[in-house]
file structure22.cif (mmCIF, C-alpha atoms)
data_structure
loop_
_atom_site.label_atom_id
_atom_site.label_comp_id
_atom_site.auth_asym_id
_atom_site.auth_seq_id
_atom_site.Cartn_x
_atom_site.Cartn_y
_atom_site.Cartn_z
CA ALA V 1 -14.07 -88.08 42.35
CA GLN V 2 -13.46 -86.28 39.12
CA SER V 3 -11.55 -83.00 39.05
CA VAL V 4 -10.21 -80.68 36.37
CA SER V 5 -7.19 -78.40 36.59
CA GLN V 6 -6.58 -75.42 34.39
CA HIS V 7 -3.16 -74.08 35.22
CA ASN V 8 -3.32 -70.79 33.37
CA HIS V 9 -5.74 -68.45 35.09
CA HIS V 10 -4.94 -65.39 32.99
CA VAL V 11 -3.29 -65.28 29.58
CA ILE V 12 -2.45 -62.16 27.62
CA LEU V 13 -1.47 -62.46 23.97
CA SER V 14 -1.03 -60.22 21.00
CA GLU V 15 -3.02 -60.87 17.85
CA ALA V 16 -1.52 -63.57 15.63
CA ALA V 17 0.25 -65.23 18.56
CA SER V 18 -0.25 -68.94 19.10
CA LEU V 19 -2.35 -70.16 21.98
CA GLU V 20 -2.19 -73.25 24.14
CA LEU V 21 -4.31 -73.59 27.26
CA GLY V 22 -3.63 -76.48 29.57
CA CYS V 23 -6.26 -78.83 30.98
CA ASN V 24 -5.66 -81.89 33.11
CA TYR V 25 -8.28 -84.09 34.66
CA SER V 26 -8.26 -86.79 37.26
CA TYR V 27 -10.42 -89.84 36.68
CA GLY V 28 -9.31 -93.36 35.95
CA GLY V 29 -12.14 -94.42 33.68
CA THR V 30 -13.54 -93.39 30.33
CA VAL V 31 -14.28 -89.71 29.95
CA ASN V 32 -15.85 -87.29 27.54
CA LEU V 33 -14.02 -83.98 27.32
CA PHE V 34 -15.19 -80.50 26.44
CA TRP V 35 -13.99 -76.96 26.04
CA TYR V 36 -16.55 -74.23 26.54
CA VAL V 37 -16.02 -70.54 25.85
CA GLN V 38 -17.74 -67.56 27.43
CA TYR V 39 -17.42 -64.31 25.51
CA PRO V 40 -17.95 -61.10 27.49
CA GLY V 41 -21.61 -60.73 28.39
CA GLN V 42 -22.61 -64.00 26.76
CA HIS V 43 -23.49 -67.50 27.89
CA LEU V 44 -21.26 -70.56 27.86
CA GLN V 45 -20.89 -71.98 24.38
CA LEU V 46 -19.44 -75.30 23.30
CA LEU V 47 -16.13 -74.87 21.52
CA LEU V 48 -15.28 -78.51 20.92
CA LYS V 49 -15.73 -81.98 22.34
CA TYR V 50 -14.06 -85.36 22.47
CA PHE V 51 -15.96 -88.61 22.90
CA SER V 52 -13.83 -91.23 21.18
CA GLY V 53 -11.75 -91.88 18.10
CA ASP V 54 -9.16 -89.45 16.74
CA PRO V 55 -7.62 -87.74 19.79
CA LEU V 56 -7.11 -84.53 17.82
CA VAL V 57 -10.45 -82.76 17.60
CA LYS V 58 -11.29 -79.61 15.76
CA GLY V 59 -13.83 -77.10 16.92
CA ILE V 60 -15.26 -73.81 15.83
CA LYS V 61 -13.26 -70.70 14.99
CA GLY V 62 -10.03 -72.56 14.26
CA PHE V 63 -9.62 -74.10 17.71
CA GLU V 64 -8.41 -77.64 18.22
CA ALA V 65 -7.62 -79.83 21.20
CA GLU V 66 -5.63 -82.99 21.69
CA PHE V 67 -6.57 -85.74 24.10
CA ILE V 68 -3.51 -87.44 25.55
CA LYS V 69 -4.82 -90.28 27.65
CA SER V 70 -1.48 -91.14 29.25
CA LYS V 71 -1.16 -87.58 30.52
CA PHE V 72 -4.84 -87.11 31.40
CA SER V 73 -4.71 -83.93 29.36
CA PHE V 74 -6.91 -82.15 26.86
CA ASN V 75 -5.07 -78.98 25.90
CA LEU V 76 -6.69 -76.33 23.72
CA ARG V 77 -4.74 -74.77 20.87
CA LYS V 78 -5.10 -72.15 18.20
CA PRO V 79 -2.25 -71.25 15.85
CA SER V 80 -3.12 -67.58 15.50
CA VAL V 81 -5.45 -65.77 17.89
CA GLN V 82 -7.63 -62.80 17.06
CA TRP V 83 -8.87 -59.95 19.21
CA SER V 84 -12.34 -61.55 19.05
CA ASP V 85 -10.99 -64.60 20.91
CA THR V 86 -10.89 -62.55 24.11
CA ALA V 87 -13.04 -64.63 26.44
CA GLU V 88 -12.98 -67.06 29.34
CA TYR V 89 -12.30 -70.68 28.46
CA PHE V 90 -13.46 -73.62 30.53
CA CYS V 91 -12.36 -77.22 30.28
CA ALA V 92 -14.90 -79.80 31.45
CA VAL V 93 -15.02 -83.55 31.88
CA ASN V 94 -17.94 -85.93 31.95
CA ALA V 95 -17.11 -89.39 33.23
CA GLU V 96 -18.79 -92.18 31.32
CA GLY V 97 -21.91 -93.25 33.21
CA PHE V 98 -22.19 -89.93 35.04
CA GLN V 99 -24.32 -87.07 33.84
CA LYS V 100 -22.75 -84.00 35.38
CA LEU V 101 -20.00 -81.93 33.89
CA VAL V 102 -17.05 -81.14 36.13
CA PHE V 103 -15.42 -77.86 35.18
CA GLY V 104 -12.03 -76.34 35.71
CA THR V 105 -11.70 -72.86 37.16
CA GLY V 106 -11.36 -71.28 33.73
CA THR V 107 -8.72 -69.26 31.89
CA ARG V 108 -9.26 -65.64 31.03
CA LEU V 109 -7.71 -64.85 27.67
CA LEU V 110 -7.08 -61.27 26.65
CA VAL V 111 -5.93 -60.68 23.09
CA SER V 112 -4.55 -57.25 22.43
CA PRO V 113 -4.93 -55.83 18.92
CA ASP G 1 -33.99 -67.64 20.01
CA THR G 2 -34.51 -71.35 20.62
CA GLY G 3 -31.73 -71.78 23.15
CA VAL G 4 -31.97 -72.30 26.90
CA SER G 5 -33.84 -69.42 28.50
CA GLN G 6 -33.48 -68.33 32.12
CA ASN G 7 -35.49 -65.81 34.07
CA PRO G 8 -34.91 -63.48 35.71
CA ARG G 9 -31.44 -62.47 34.54
CA HIS G 10 -30.72 -60.68 37.79
CA LYS G 11 -32.23 -60.99 41.25
CA ILE G 12 -31.38 -58.90 44.27
CA THR G 13 -32.86 -60.01 47.55
CA LYS G 14 -32.43 -59.51 51.24
CA ARG G 15 -31.05 -62.23 53.45
CA GLY G 16 -33.79 -64.52 54.69
CA GLN G 17 -36.08 -64.06 51.68
CA ASN G 18 -37.09 -66.84 49.32
CA VAL G 19 -36.26 -66.66 45.63
CA THR G 20 -37.30 -68.73 42.62
CA PHE G 21 -35.62 -68.99 39.24
CA ARG G 22 -37.03 -70.45 36.07
CA CYS G 23 -35.35 -72.32 33.24
CA ASP G 24 -36.86 -73.21 29.87
CA PRO G 25 -34.71 -75.78 28.09
CA ILE G 26 -34.34 -76.35 24.38
CA SER G 27 -37.69 -77.82 23.42
CA GLU G 28 -36.74 -81.36 22.43
CA HIS G 29 -34.22 -81.84 25.24
CA ASN G 30 -35.14 -84.39 27.87
CA ARG G 31 -32.40 -83.59 30.39
CA LEU G 32 -32.11 -80.41 32.39
CA TYR G 33 -29.26 -79.44 34.71
CA TRP G 34 -28.65 -76.74 37.29
CA TYR G 35 -25.19 -75.43 38.08
CA ARG G 36 -23.89 -72.67 40.30
CA GLN G 37 -20.94 -70.46 39.45
CA THR G 38 -19.16 -68.16 41.87
CA LEU G 39 -16.56 -65.55 41.03
CA GLY G 40 -13.32 -67.05 39.80
CA GLN G 41 -14.68 -70.57 39.66
CA GLY G 42 -16.10 -72.82 37.01
CA PRO G 43 -19.71 -73.96 37.16
CA GLU G 44 -20.47 -76.54 39.86
CA PHE G 45 -23.16 -79.15 39.41
CA LEU G 46 -26.25 -78.91 41.60
CA THR G 47 -28.85 -81.29 40.21
CA TYR G 48 -30.33 -82.75 37.05
CA PHE G 49 -33.62 -84.06 35.72
CA GLN G 50 -34.46 -86.57 33.08
CA ASN G 51 -37.93 -85.58 31.96
CA GLU G 52 -39.72 -84.86 35.26
CA ALA G 53 -37.61 -87.12 37.45
CA GLN G 54 -34.86 -85.57 39.56
CA LEU G 55 -32.13 -88.19 39.30
CA GLU G 56 -29.16 -86.68 41.10
CA LYS G 57 -28.51 -83.97 43.65
CA SER G 58 -25.13 -82.63 44.67
CA ARG G 59 -24.12 -82.26 48.30
CA LEU G 60 -23.94 -78.55 47.46
CA LEU G 61 -27.73 -78.57 47.31
CA SER G 62 -28.66 -77.92 50.92
CA ASP G 63 -32.13 -78.43 52.35
CA ARG G 64 -32.92 -74.80 51.56
CA PHE G 65 -32.67 -75.54 47.85
CA SER G 66 -35.38 -77.31 45.91
CA ALA G 67 -35.75 -77.89 42.20
CA GLU G 68 -38.72 -79.11 40.23
CA ARG G 69 -39.55 -79.99 36.67
CA PRO G 70 -43.23 -80.86 37.00
CA LYS G 71 -44.15 -81.61 33.40
CA GLY G 72 -40.75 -82.46 32.05
CA SER G 73 -40.46 -79.10 30.34
CA PHE G 74 -39.44 -75.99 32.29
CA SER G 75 -37.79 -76.19 35.69
CA THR G 76 -37.72 -73.99 38.77
CA LEU G 77 -35.02 -73.65 41.39
CA GLU G 78 -36.12 -72.24 44.73
CA ILE G 79 -33.85 -71.07 47.51
CA GLN G 80 -35.49 -70.57 50.87
CA ARG G 81 -34.15 -68.29 53.61
CA THR G 82 -31.37 -66.97 51.39
CA GLU G 83 -27.93 -66.37 52.85
CA GLN G 84 -25.15 -64.13 51.59
CA GLY G 85 -23.21 -67.23 50.61
CA ASP G 86 -25.94 -68.05 48.08
CA SER G 87 -24.86 -65.09 45.96
CA ALA G 88 -23.75 -66.59 42.66
CA MET G 89 -24.69 -67.11 39.04
CA TYR G 90 -27.18 -69.96 38.68
CA LEU G 91 -26.88 -71.67 35.32
CA CYS G 92 -29.27 -74.00 33.61
CA ALA G 93 -28.30 -76.41 30.84
CA SER G 94 -30.17 -78.95 28.78
CA SER G 95 -29.24 -81.93 26.65
CA GLN G 96 -30.84 -84.56 24.49
CA VAL G 97 -29.79 -88.08 25.33
CA GLY G 98 -30.95 -91.39 24.00
CA THR G 99 -29.45 -91.15 20.54
CA ARG G 100 -26.00 -92.19 19.52
CA ILE G 101 -25.26 -88.88 17.91
CA ALA G 102 -26.63 -86.54 20.56
CA LYS G 103 -24.61 -87.96 23.43
CA ASN G 104 -24.60 -85.70 26.47
CA ILE G 105 -23.81 -82.33 24.99
CA GLN G 106 -25.07 -79.70 27.40
CA TYR G 107 -26.24 -76.32 26.17
CA PHE G 108 -26.26 -73.50 28.67
CA GLY G 109 -28.48 -70.54 29.30
CA ALA G 110 -27.27 -67.07 30.20
CA GLY G 111 -27.86 -67.64 33.90
CA THR G 112 -29.57 -65.83 36.75
CA ARG G 113 -27.28 -63.70 38.86
CA LEU G 114 -28.39 -63.69 42.49
CA SER G 115 -27.19 -61.07 44.93
CA VAL G 116 -28.15 -61.54 48.57
CA LEU G 117 -27.76 -58.39 50.65
#

call {"tool": "encode", "arguments": {"input": "structure22.cif", "output": "structure tokens"}}
result
Amino acid sequence: AQSVSQHNHHVILSEAASLELGCNYSYGGTVNLFWYVQYPGQHLQLLLKYFSGDPLVKGIKGFEAEFIKSKFSFNLRKPSVQWSDTAEYFCAVNAEGFQKLVFGTGTRLLVSP
Amino acid sequence: DTGVSQNPRHKITKRGQNVTFRCDPISEHNRLYWYRQTLGQGPEFLTYFQNEAQLEKSRLLSDRFSAERPKGSFSTLEIQRTEQGDSAMYLCASSQVGTRIAKNIQYFGAGTRLSVL
């Protein structure tokens, strides 16, 4: 069975600080990987995705993530966060041949101005 | 707004009552998914449709839950004899598959928050 672990449940940063949110998954086969973001009062939105190719993927709003297959990881990064990045971030995996997304428990990010 | 639409946004019901939620996917999307999200957790898969066919159901979907997508467009999720443990956010997502570019990128609606008293 697939599972996703997000180790940081709550993160508090000051503006301009760098961000890295951890995501590890368990599945031995080919996977597609996603980061979704949920801003306060809004619906889940896709931040970035990895299907194949370059393991470093860039998403919206300056976010990027790196797929490290040997570590089963897909960590999210941003060099300099803004107050508007305050949101909940979810990592999700979709095993090749399966249709459902399996989500982690999410990380609440609070960026103080 | 041409995104995924869910109605109602909030539903408060008494234990034992039946409730029904509706989801309208993005118009050209042929797949529709239902997820449930409880406090402090990520969304959990319940079921999905390709066009009108329900192709997979999670073990989370007890006999009291039923989902339909009769014409391959909108979908309904019904919960019969609601229990307090059914209180959650019910999310709908849709995707377009069948093209190399589209892959299985799921777009989510705002959800229906159910409170069972």

call {"tool": "residues_around", "arguments": {"input": "structure22.cif", "residues": "region 63-74 of chain G", "least_positions_apart": "2", "cutoff": "6 Å", "atoms": "all atoms listed in the file", "output": "PyMOL selection string"}}
result
chain G and resi 23-24+51-52+61+76-80

call {"tool": "write_last_selection", "arguments": {"input": "structure22.cif", "atoms": "C-alpha atoms", "output": "CSV table (one decimal), keeping the file's coordinate frame"}}
result
chain,number,residue,atom,x,y,z
G,23,CYS,CA,-35.4,-72.3,33.2
G,24,ASP,CA,-36.9,-73.2,29.9
G,51,ASN,CA,-37.9,-85.6,32.0
G,52,GLU,CA,-39.7,-84.9,35.3
G,61,LEU,CA,-27.7,-78.6,47.3
G,76,THR,CA,-37.7,-74.0,38.8
G,77,LEU,CA,-35.0,-73.6,41.4
G,78,GLU,CA,-36.1,-72.2,44.7
G,79,ILE,CA,-33.8,-71.1,47.5
G,80,GLN,CA,-35.5,-70.6,50.9

call {"tool": "closest_residue", "arguments": {"input": "structure22.cif", "among": "V:Thr107, V:Gln99, V:Leu48, V:Glu20", "to": "Val97 (chain G)", "atoms": "all atoms listed in the file"}}
result
V:Gln99

call {"tool": "interface_residues", "arguments": {"input": "structure22.cif", "of": "chain G", "to": "chain V", "cutoff": "7 Å", "atoms": "all atoms listed in the file", "output": "list in words"}}
result
Gly40, Gln41, Gly42, Pro43, Glu44, Phe45, Phe108, Gly109 and Ala110 of chain G

call {"tool": "write_last_selection", "arguments": {"input": "structure22.cif", "atoms": "C-alpha atoms", "output": "PDB file, in the frame of the given file"}}
result
ATOM      1  CA  GLY G  40     -13.320 -67.050  39.800  1.00  0.00           C
ATOM      2  CA  GLN G  41     -14.680 -70.570  39.660  1.00  0.00           C
ATOM      3  CA  GLY G  42     -16.100 -72.820  37.010  1.00  0.00           C
ATOM      4  CA  PRO G  43     -19.710 -73.960  37.160  1.00  0.00           C
ATOM      5  CA  GLU G  44     -20.470 -76.540  39.860  1.00  0.00           C
ATOM      6  CA  PHE G  45     -23.160 -79.150  39.410  1.00  0.00           C
ATOM      7  CA  PHE G 108     -26.260 -73.500  28.670  1.00  0.00           C
ATOM      8  CA  GLY G 109     -28.480 -70.540  29.300  1.00  0.00           C
ATOM      9  CA  ALA G 110     -27.270 -67.070  30.200  1.00  0.00           C
TER      10      ALA G 110
END

call {"tool": "residues_near_point", "arguments": {"input": "structure22.cif", "point": "(-6.7, -74.6, 19.0)", "cutoff": "7 Å", "atoms": "all atoms listed in the file", "output": "compact mmCIF listing (two decimals) with C-alpha atoms, keeping the file's coordinate frame"}}
result
# COMPACT_ATOMS: atom_id res chain seq x y z
CA LEU V 19 -2.35 -70.16 21.98
CA GLU V 20 -2.19 -73.25 24.14
CA GLY V 62 -10.03 -72.56 14.26
CA PHE V 63 -9.62 -74.10 17.71
CA GLU V 64 -8.41 -77.64 18.22
CA ALA V 65 -7.62 -79.83 21.20
CA LEU V 76 -6.69 -76.33 23.72
CA ARG V 77 -4.74 -74.77 20.87
CA LYS V 78 -5.10 -72.15 18.20
CA PRO V 79 -2.25 -71.25 15.85

call {"tool": "atom_distance", "arguments": {"input": "structure22.cif", "atom1": "CA of Gln2 (chain V)", "atom2": "CA of Pro55 (chain V)"}}
result
20.2 Å

call {"tool": "atom_distance", "arguments": {"input": "structure22.cif", "atom1": "CA of Ile60 (chain V)", "atom2": "CA of Leu47 (chain V)"}}
result
5.9 Å

call {"tool": "atom_distance", "arguments": {"input": "structure22.cif", "atom1": "CA of Gln37 (chain G)", "atom2": "CA of Leu117 (chain G)"}}
result
17.8 Å

call {"tool": "resolve_selection", "arguments": {"input": "structure22.cif", "expression": "the PyMOL selection byres ((chain G and resi 4-8) around 8)", "output": "list of chain:residue names"}}
result
G:Thr2, G:Gly3, G:Arg9, G:His10, G:Lys11, G:Phe21, G:Arg22, G:Cys23, G:Asp24, G:Pro25, G:Ile26, G:Cys92, G:Ala93, G:Ser94, G:Tyr107, G:Phe108, G:Gly109, G:Ala110, G:Gly111, G:Thr112

call {"tool": "resolve_selection", "arguments": {"input": "structure22.cif", "expression": "the PyMOL selection byres ((chain V and resi 72) around 10)", "output": "list in words"}}
result
Val4, Cys23, Asn24, Tyr25, Ser26, Tyr27, Gly28, Val31, Phe67, Ile68, Lys69, Ser70, Lys71, Ser73, Phe74 and Asn75 of chain V

call {"tool": "closest_residue", "arguments": {"input": "structure22.cif", "among": "G:Val19, G:Val116, G:Ala53, G:Leu60", "to": "Gln84 (chain G)", "atoms": "all atoms listed in the file"}}
result
G:Val116

call {"tool": "residues_around", "arguments": {"input": "structure22.cif", "residues": "Leu46 (chain G)", "least_positions_apart": "3", "cutoff": "8 Å", "atoms": "all atoms listed in the file", "output": "PyMOL selection string"}}
result
chain G and resi 33-36+57-61

call {"tool": "residues_around", "arguments": {"input": "structure22.cif", "residues": "Arg81 (chain G)", "least_positions_apart": "2", "cutoff": "7 Å", "atoms": "all atoms listed in the file", "output": "ChimeraX atom specification"}}
result
/G:15-18,64,79,83

call {"tool": "resolve_selection", "arguments": {"input": "structure22.cif", "expression": "the PyMOL selection byres ((chain V and resi 81) around 12)", "output": "MDAnalysis selection string"}}
result
chainID V and resid 11:20 61:63 77:80 82:87 109:113

call {"tool": "closest_residue", "arguments": {"input": "structure22.cif", "among": "G:Thr47, G:Asn30, G:Ile12, G:Leu55", "to": "Met89 (chain G)", "atoms": "all atoms listed in the file"}}
result
G:Ile12

call {"tool": "axis_aligned_box", "arguments": {"input": "structure22.cif", "around": "region 105-111 of chain V", "padding_each_side": "6 Å", "output": "JSON"}}
result
{"center_x": -8.8, "center_y": -66.8, "center_z": 30.1, "size_x": 17.8, "size_y": 24.2, "size_z": 26.1}
